[in-house]
>>> print(open('input14.csv').read())   # CSV, C-alpha atoms
chain,number,residue,atom,x,y,z
A,200,MET,CA,-2.8,-14.0,36.4
A,201,ALA,CA,-0.6,-13.4,33.4
A,202,SER,CA,-2.4,-16.1,31.5
A,203,SER,CA,-5.8,-14.5,32.2
A,204,MET,CA,-4.5,-11.0,31.2
A,205,ALA,CA,-3.0,-12.4,28.0
A,206,ILE,CA,-6.4,-13.9,27.1
A,207,ASP,CA,-8.1,-10.6,27.8
A,208,ILE,CA,-5.6,-8.7,25.6
A,209,LEU,CA,-6.1,-11.2,22.8
A,210,ARG,CA,-9.8,-10.8,23.0
A,211,VAL,CA,-9.5,-7.0,22.9
A,212,THR,CA,-7.1,-7.3,19.9
A,213,GLN,CA,-9.6,-9.5,18.0
A,214,GLN,CA,-12.5,-7.0,18.6
A,215,TYR,CA,-10.3,-4.0,17.8
A,216,SER,CA,-9.2,-5.6,14.5
A,217,LEU,CA,-12.8,-6.4,13.5
A,218,TYR,CA,-14.1,-2.9,14.2
A,219,SER,CA,-11.1,-0.9,12.9
A,220,THR,CA,-11.0,-2.9,9.7
A,221,SER,CA,-14.8,-2.4,9.2
A,222,VAL,CA,-14.4,1.4,9.7
A,223,LEU,CA,-11.4,1.5,7.3
A,224,PHE,CA,-13.3,-0.5,4.7
A,225,THR,CA,-16.3,1.8,4.8
A,226,ILE,CA,-14.4,5.1,4.8
A,227,GLY,CA,-11.7,3.9,2.4
A,228,THR,CA,-14.1,2.4,-0.2
A,229,ILE,CA,-16.2,5.5,-0.3
A,230,GLY,CA,-13.1,7.7,-0.6
A,231,ASN,CA,-11.5,5.7,-3.3
A,232,LEU,CA,-14.7,5.4,-5.3
A,233,PHE,CA,-15.0,9.2,-5.0
A,234,ASN,CA,-11.4,9.6,-6.4
A,235,ILE,CA,-12.3,7.4,-9.3
A,236,LEU,CA,-15.5,9.3,-10.0
A,237,VAL,CA,-13.8,12.8,-9.8
A,238,PHE,CA,-10.7,12.0,-11.8
A,239,THR,CA,-12.5,10.1,-14.6
A,240,THR,CA,-15.3,12.6,-15.1
A,241,LEU,CA,-13.8,16.1,-14.8
A,242,LYS,CA,-12.3,17.4,-18.0
A,243,LEU,CA,-9.6,19.3,-16.2
A,244,PHE,CA,-7.9,16.0,-15.2
A,245,ARG,CA,-8.9,13.8,-18.2
A,246,ASN,CA,-5.7,14.2,-20.1
A,247,ASN,CA,-3.3,14.2,-17.2
A,248,GLN,CA,-1.2,11.1,-17.0
A,249,CYS,CA,-0.8,11.4,-13.2
A,250,VAL,CA,-4.5,10.8,-12.9
A,251,LEU,CA,-4.2,7.3,-14.3
A,252,TYR,CA,-1.9,6.4,-11.4
A,253,VAL,CA,-4.4,7.8,-8.9
A,254,VAL,CA,-7.2,5.8,-10.4
A,255,THR,CA,-5.1,2.6,-10.6
A,256,GLU,CA,-4.1,3.0,-7.0
A,257,SER,CA,-7.7,3.6,-5.9
A,258,ILE,CA,-8.8,0.4,-7.6
A,259,ALA,CA,-6.0,-1.6,-5.9
A,260,ASN,CA,-6.9,0.1,-2.6
A,261,ILE,CA,-10.6,-1.0,-2.9
A,262,LEU,CA,-9.5,-4.6,-3.5
A,263,GLN,CA,-7.1,-4.5,-0.7
A,264,LEU,CA,-9.6,-3.0,1.8
A,265,THR,CA,-12.2,-5.6,0.7
A,266,THR,CA,-9.8,-8.5,1.3
A,267,PHE,CA,-8.8,-7.2,4.7
A,268,ALA,CA,-12.4,-6.7,5.7
A,269,LEU,CA,-13.3,-10.3,4.7
A,270,LEU,CA,-10.3,-11.5,6.8
A,271,TYR,CA,-12.1,-10.4,10.0
A,272,ILE,CA,-15.8,-10.2,9.0
A,273,LEU,CA,-16.0,-13.8,7.7
A,274,PRO,CA,-14.7,-15.4,11.0
A,275,ALA,CA,-17.0,-13.2,13.0
A,276,ILE,CA,-20.0,-14.3,11.0
A,277,HIS,CA,-19.2,-18.0,10.8
A,278,GLN,CA,-17.4,-18.2,14.2
A,279,ILE,CA,-14.5,-19.9,12.4
A,280,ASP,CA,-11.8,-18.7,10.0
A,281,PRO,CA,-12.6,-20.0,6.5
A,282,ALA,CA,-8.8,-20.0,5.8
A,283,THR,CA,-8.6,-23.0,8.2
A,284,SER,CA,-10.9,-25.1,6.1
A,285,SER,CA,-10.6,-23.7,2.5
A,286,LEU,CA,-7.2,-24.0,0.9
A,287,PHE,CA,-8.3,-21.7,-1.9
A,288,TRP,CA,-9.2,-18.9,0.4
A,289,CYS,CA,-6.0,-19.6,2.4
A,290,LYS,CA,-3.9,-19.1,-0.7
A,291,PHE,CA,-6.0,-16.4,-2.5
A,292,ARG,CA,-6.2,-13.9,0.3
A,293,GLY,CA,-2.4,-13.7,0.7
A,294,MET,CA,-1.8,-13.3,-3.0
A,295,VAL,CA,-4.4,-10.5,-3.3
A,296,ILE,CA,-3.0,-8.6,-0.3
A,297,SER,CA,0.6,-8.7,-1.5
A,298,SER,CA,-0.3,-8.0,-5.1
A,299,CYS,CA,-2.4,-5.0,-4.3
A,300,THR,CA,0.3,-3.7,-1.9
A,301,LEU,CA,2.9,-3.8,-4.7
A,302,ILE,CA,0.5,-2.3,-7.3
A,303,SER,CA,-0.5,0.5,-4.9
A,304,PHE,CA,3.0,1.3,-3.8
A,305,SER,CA,4.4,1.2,-7.4
A,306,THR,CA,1.8,3.7,-8.6
A,307,ILE,CA,2.8,6.0,-5.7
A,308,CYS,CA,6.4,5.9,-6.9
A,309,PHE,CA,5.3,6.4,-10.6
A,310,SER,CA,3.1,9.4,-9.7
A,311,ALA,CA,5.9,11.0,-7.8
A,312,SER,CA,8.5,10.5,-10.6
A,313,HIS,CA,5.9,11.6,-13.2
A,314,GLN,CA,5.2,14.8,-11.3
A,315,TYR,CA,8.9,15.5,-11.1
A,316,LEU,CA,9.4,15.1,-14.8
A,317,SER,CA,6.3,16.9,-15.8
A,318,THR,CA,7.3,20.0,-13.7
A,319,SER,CA,10.9,19.9,-14.8
A,320,HIS,CA,12.3,23.0,-16.5
A,321,VAL,CA,14.1,20.7,-19.0
A,322,PHE,CA,11.9,20.2,-22.1
A,323,TYR,CA,13.2,16.8,-22.9
A,324,LEU,CA,12.3,15.5,-19.4
A,325,ARG,CA,8.8,16.9,-19.6
A,326,GLN,CA,8.3,15.0,-22.9
A,327,LEU,CA,9.3,11.6,-21.5
A,328,PHE,CA,6.1,10.7,-19.8
A,329,THR,CA,3.3,10.2,-22.2
A,330,ILE,CA,-0.1,8.5,-21.9
A,331,LYS,CA,1.2,5.5,-23.8
A,332,LEU,CA,4.2,5.1,-21.4
A,333,THR,CA,1.9,5.6,-18.4
A,334,ARG,CA,-0.4,2.8,-19.5
A,335,PHE,CA,2.6,0.6,-20.2
A,336,LEU,CA,4.1,1.2,-16.7
A,337,ILE,CA,0.7,0.5,-15.0
A,338,CYS,CA,0.2,-2.7,-17.0
A,339,THR,CA,3.8,-3.8,-16.3
A,340,SER,CA,3.4,-3.1,-12.6
A,341,VAL,CA,0.2,-5.2,-12.5
A,342,ILE,CA,1.7,-8.1,-14.4
A,343,ILE,CA,5.0,-8.1,-12.4
A,344,SER,CA,3.1,-7.9,-9.1
A,345,ILE,CA,0.9,-10.8,-9.9
A,346,LEU,CA,3.8,-12.9,-11.1
A,347,HIS,CA,5.8,-12.0,-8.1
A,348,ASN,CA,3.1,-13.3,-5.8
A,349,ILE,CA,2.6,-16.7,-7.4
A,350,PRO,CA,5.2,-18.2,-5.0
A,351,PHE,CA,3.1,-16.8,-2.1
A,352,GLY,CA,0.2,-19.0,-3.4
A,353,ILE,CA,2.5,-22.0,-3.9
A,354,PHE,CA,4.1,-21.9,-0.5
A,355,THR,CA,1.0,-21.0,1.5
A,356,GLU,CA,-0.5,-24.1,3.0
A,357,MET,CA,-2.5,-25.4,5.9
A,358,GLN,CA,-0.8,-27.2,8.8
A,359,ALA,CA,-2.7,-28.3,11.9
A,360,SER,CA,-5.6,-26.0,10.8
A,361,VAL,CA,-3.3,-23.1,10.5
A,362,CYS,CA,-3.0,-21.1,7.3
A,363,GLY,CA,0.4,-19.7,6.6
A,364,ILE,CA,3.8,-20.0,4.9
A,365,PHE,CA,6.0,-22.6,6.6
A,366,ASP,CA,8.9,-22.9,4.1
A,367,GLN,CA,12.0,-21.4,5.8
A,368,ASN,CA,13.5,-20.0,2.6
A,369,MET,CA,10.2,-18.3,1.6
A,370,LEU,CA,9.9,-16.8,5.1
A,371,ASN,CA,13.4,-15.5,4.9
A,372,TYR,CA,12.6,-13.8,1.6
A,373,ILE,CA,9.4,-12.2,3.1
A,374,PHE,CA,10.9,-10.9,6.3
A,375,TYR,CA,14.4,-9.9,5.0
A,376,PHE,CA,13.5,-8.6,1.5
A,377,TYR,CA,9.7,-8.2,0.9
A,378,TYR,CA,8.9,-6.2,4.1
A,379,PRO,CA,12.1,-4.2,4.4
A,380,VAL,CA,12.7,-3.6,0.7
A,381,LEU,CA,9.8,-4.1,-1.7
A,382,SER,CA,7.1,-2.8,0.6
A,383,GLY,CA,9.4,-0.7,2.8
A,384,LEU,CA,12.5,1.2,2.1
A,385,LEU,CA,12.5,1.0,-1.8
A,386,PRO,CA,9.1,2.6,-2.4
A,387,VAL,CA,9.7,5.1,0.4
A,388,LEU,CA,13.1,6.1,-0.9
A,389,ILE,CA,11.9,6.4,-4.6
A,390,ALA,CA,8.7,8.3,-3.7
A,391,SER,CA,10.5,10.6,-1.2
A,392,VAL,CA,13.3,11.6,-3.6
A,393,PHE,CA,11.0,12.4,-6.6
A,394,SER,CA,8.4,14.2,-4.6
A,395,PHE,CA,11.1,16.4,-3.1
A,396,LEU,CA,12.5,17.1,-6.5
A,397,ALA,CA,9.0,17.8,-7.9
A,398,TYR,CA,8.4,20.2,-5.0
A,399,ASN,CA,11.5,22.1,-5.9
A,400,ASN,CA,10.4,22.3,-9.5
A,401,VAL,CA,7.0,23.7,-8.5
A,402,ARG,CA,8.7,26.5,-6.5
A,403,ARG,CA,10.4,27.6,-9.7
A,404,ILE,CA,7.4,27.0,-12.0
A,405,VAL,CA,6.3,30.7,-11.9
A,406,ARG,CA,9.3,31.6,-13.9
A,407,ARG,CA,8.2,29.5,-16.9
A,408,GLN,CA,5.8,30.8,-19.5
A,409,ILE,CA,2.9,28.4,-19.1
A,410,PRO,CA,-0.8,28.9,-18.8
A,411,ILE,CA,-2.1,29.8,-15.3
A,412,VAL,CA,-4.6,26.9,-15.3
A,413,ARG,CA,-1.8,24.4,-16.0
A,414,ARG,CA,0.5,26.0,-13.5
A,415,ARG,CA,-2.2,25.8,-10.7
A,416,LEU,CA,-3.0,22.2,-11.7
A,417,ASP,CA,0.7,21.2,-11.4
A,418,GLN,CA,1.0,22.9,-8.1
A,419,GLN,CA,-2.2,21.2,-6.7
A,420,LEU,CA,-1.1,17.7,-8.0
A,421,THR,CA,2.4,18.2,-6.6
A,422,ALA,CA,1.0,19.3,-3.2
A,423,MET,CA,-1.4,16.3,-3.2
A,424,ILE,CA,1.4,13.8,-4.0
A,425,LEU,CA,3.8,15.3,-1.5
A,426,ILE,CA,1.2,15.0,1.3
A,427,ARG,CA,0.5,11.4,0.1
A,428,ILE,CA,4.2,10.5,0.3
A,429,ILE,CA,4.6,11.9,3.8
A,430,VAL,CA,1.5,10.0,5.0
A,431,PHE,CA,2.8,6.9,3.2
A,432,ILE,CA,6.2,7.0,5.0
A,433,VAL,CA,4.6,7.6,8.5
A,434,LEU,CA,2.2,4.8,8.1
A,435,THR,CA,4.4,2.2,6.3
A,436,LEU,CA,7.7,2.1,8.2
A,437,PRO,CA,6.4,1.3,11.7
A,438,TYR,CA,4.4,-1.7,10.5
A,439,ASP,CA,7.4,-3.1,8.4
A,440,ILE,CA,9.7,-2.7,11.4
A,441,GLU,CA,7.2,-4.5,13.7
A,442,ARG,CA,6.8,-7.4,11.2
A,443,MET,CA,10.6,-7.9,10.9
A,444,TYR,CA,11.0,-7.7,14.7
A,445,THR,CA,8.3,-10.3,15.3
A,446,TYR,CA,10.1,-12.7,12.9
A,447,ILE,CA,13.7,-12.0,14.0
A,448,ALA,CA,12.8,-12.1,17.7
A,449,LYS,CA,11.0,-15.4,17.2
A,450,VAL,CA,7.9,-14.2,19.0
A,451,ASN,CA,5.7,-17.1,19.9
A,452,GLN,CA,3.1,-18.2,22.4
A,453,SER,CA,5.6,-19.7,24.9
A,454,ASN,CA,5.3,-16.3,26.8
A,455,GLN,CA,1.6,-15.7,26.5
A,456,LEU,CA,1.5,-12.2,28.0
A,457,TYR,CA,4.4,-11.0,25.8
A,458,PHE,CA,2.8,-12.6,22.8
A,459,ALA,CA,-0.5,-10.9,23.5
A,460,ILE,CA,1.1,-7.5,23.8
A,461,ILE,CA,3.1,-7.9,20.6
A,462,ASN,CA,-0.1,-9.1,18.9
A,463,LEU,CA,-2.0,-6.0,20.1
A,464,THR,CA,0.8,-3.7,19.0
A,465,GLY,CA,0.9,-5.4,15.6
A,466,SER,CA,-2.9,-4.9,15.2
A,467,VAL,CA,-2.6,-1.2,15.9
A,468,LEU,CA,0.3,-0.7,13.5
A,469,ALA,CA,-1.6,-2.8,10.9
A,470,THR,CA,-4.5,-0.4,11.2
A,471,LEU,CA,-2.2,2.5,10.6
A,472,PHE,CA,-0.6,0.7,7.7
A,473,ASN,CA,-4.0,0.0,6.2
A,474,LEU,CA,-4.8,3.7,6.3
A,475,ASN,CA,-2.5,3.8,3.3
A,476,TYR,CA,-5.4,2.3,1.3
A,477,ALA,CA,-8.1,4.4,2.9
A,478,VAL,CA,-6.6,7.9,2.7
A,479,ARG,CA,-5.8,9.6,-0.6
>>> encode(input="input14.csv", output="structure tokens")
Amino acid sequence: MASSMAIDILRVTQQYSLYSTSVLFTIGTIGNLFNILVFTTLKLFRNNQCVLYVVTESIANILQLTTFALLYILPAIHQIDPATSSLFWCKFRGMVISSCTLISFSTICFSASHQYLSTSHVFYLRQLFTIKLTRFLICTSVIISILHNIPFGIFTEMQASVCGIFDQNMLNYIFYFYYPVLSGLLPVLIASVFSFLAYNNVRRIVRRQIPIVRRRLDQQLTAMILIRIIVFIVLTLPYDIERMYTYIAKVNQSNQLYFAIINLTGSVLATLFNLNYAVR
């Protein structure tokens, strides 16, 4: 009875992952392309450094959503997961996902810190972020993210037709540092602090002698970033906690029903996590 129920839950999980990923890919790709189009064509945003972060994040989001979509669409089309037969795809997909995650999350932190500095009442702080520095930070973020994920490609391998990372030291790094820190608490903490400080700056912005158009633009961008940070926190932390729990609790298929329930829970939380790349 439990075995039959576990099989049914796993089947539902597979179908849910396929359809939810397809919907997120469609909506997210359209939304991110719209962001790129709007922020690169309107003169109002053309000289705003924060827009470069938004565009960079949108590009990373499109790559991320495309990779996630292929993870479920390709097995559905070919009736077999290509990652179990192609070592290149096995390694490449993990590197793209982790690289795009770090790039996307770093641009969120950069945009929050930039908005805080650009709305500061201290003139020196407002002059810190320039177009040149913004481009440098984006390029540095991309390079570091790619270099950081080279070990993911090195340690990802196929064993008994299973694609994954089996090195214990690498697994410890992923579940004790990558998930809780790099893609969890660190970007959440940085983005939260700077967005809160930027919000306080905007509340006092009416006292400064600046053009009304610039004032409204700062207020709109700060509100947009603040909402983005709140959504980011709500969608990110549950997924990271679930991934760490699955590893620490050593969830495996010895208890099929428990494994199936955890698998379904993880799929739902992964969908919420992937909303980070679909909403902006």
>>> atom_distance(input="input14.csv", atom1="CA of Pro350 in chain A", atom2="CA of Cys362 in chain A")
15.1 Å
>>> atom_distance(input="input14.csv", atom1="CA of Ser219 in chain A", atom2="CA of Ile261 in chain A")
15.8 Å
>>> closest_residue(input="input14.csv", among="A:Cys299, A:Met423, A:Ala282, A:Ile258", to="Glu356 in chain A", atoms="only C-alpha atoms")
A:Ala282
>>> closest_atom_pairs(input="input14.csv", of="range 298-363 of chain A", to="range 377-397 of chain A", cutoff="6 Å", atoms="only C-alpha atoms", output="tab-separated table")
residue	atom	partner	partner_atom	distance
A:Cys308	CA	A:Ala390	CA	4.6
A:Ala311	CA	A:Ser394	CA	5.2
A:Ser312	CA	A:Phe393	CA	5.1
A:Gln314	CA	A:Ala397	CA	5.9
A:Tyr315	CA	A:Ala397	CA	3.9
>>> atom_distance(input="input14.csv", atom1="CA of Cys338 in chain A", atom2="CA of Thr306 in chain A")
10.7 Å
>>> closest_residue(input="input14.csv", among="A:Phe472, A:Phe431, A:Tyr375, A:Phe354", to="Thr445 in chain A", atoms="only C-alpha atoms")
A:Tyr375
>>> closest_residue(input="input14.csv", among="A:Met294, A:Ala359, A:Ile424, A:Val401", to="Ser319 in chain A", atoms="all atoms listed in the file")
A:Val401
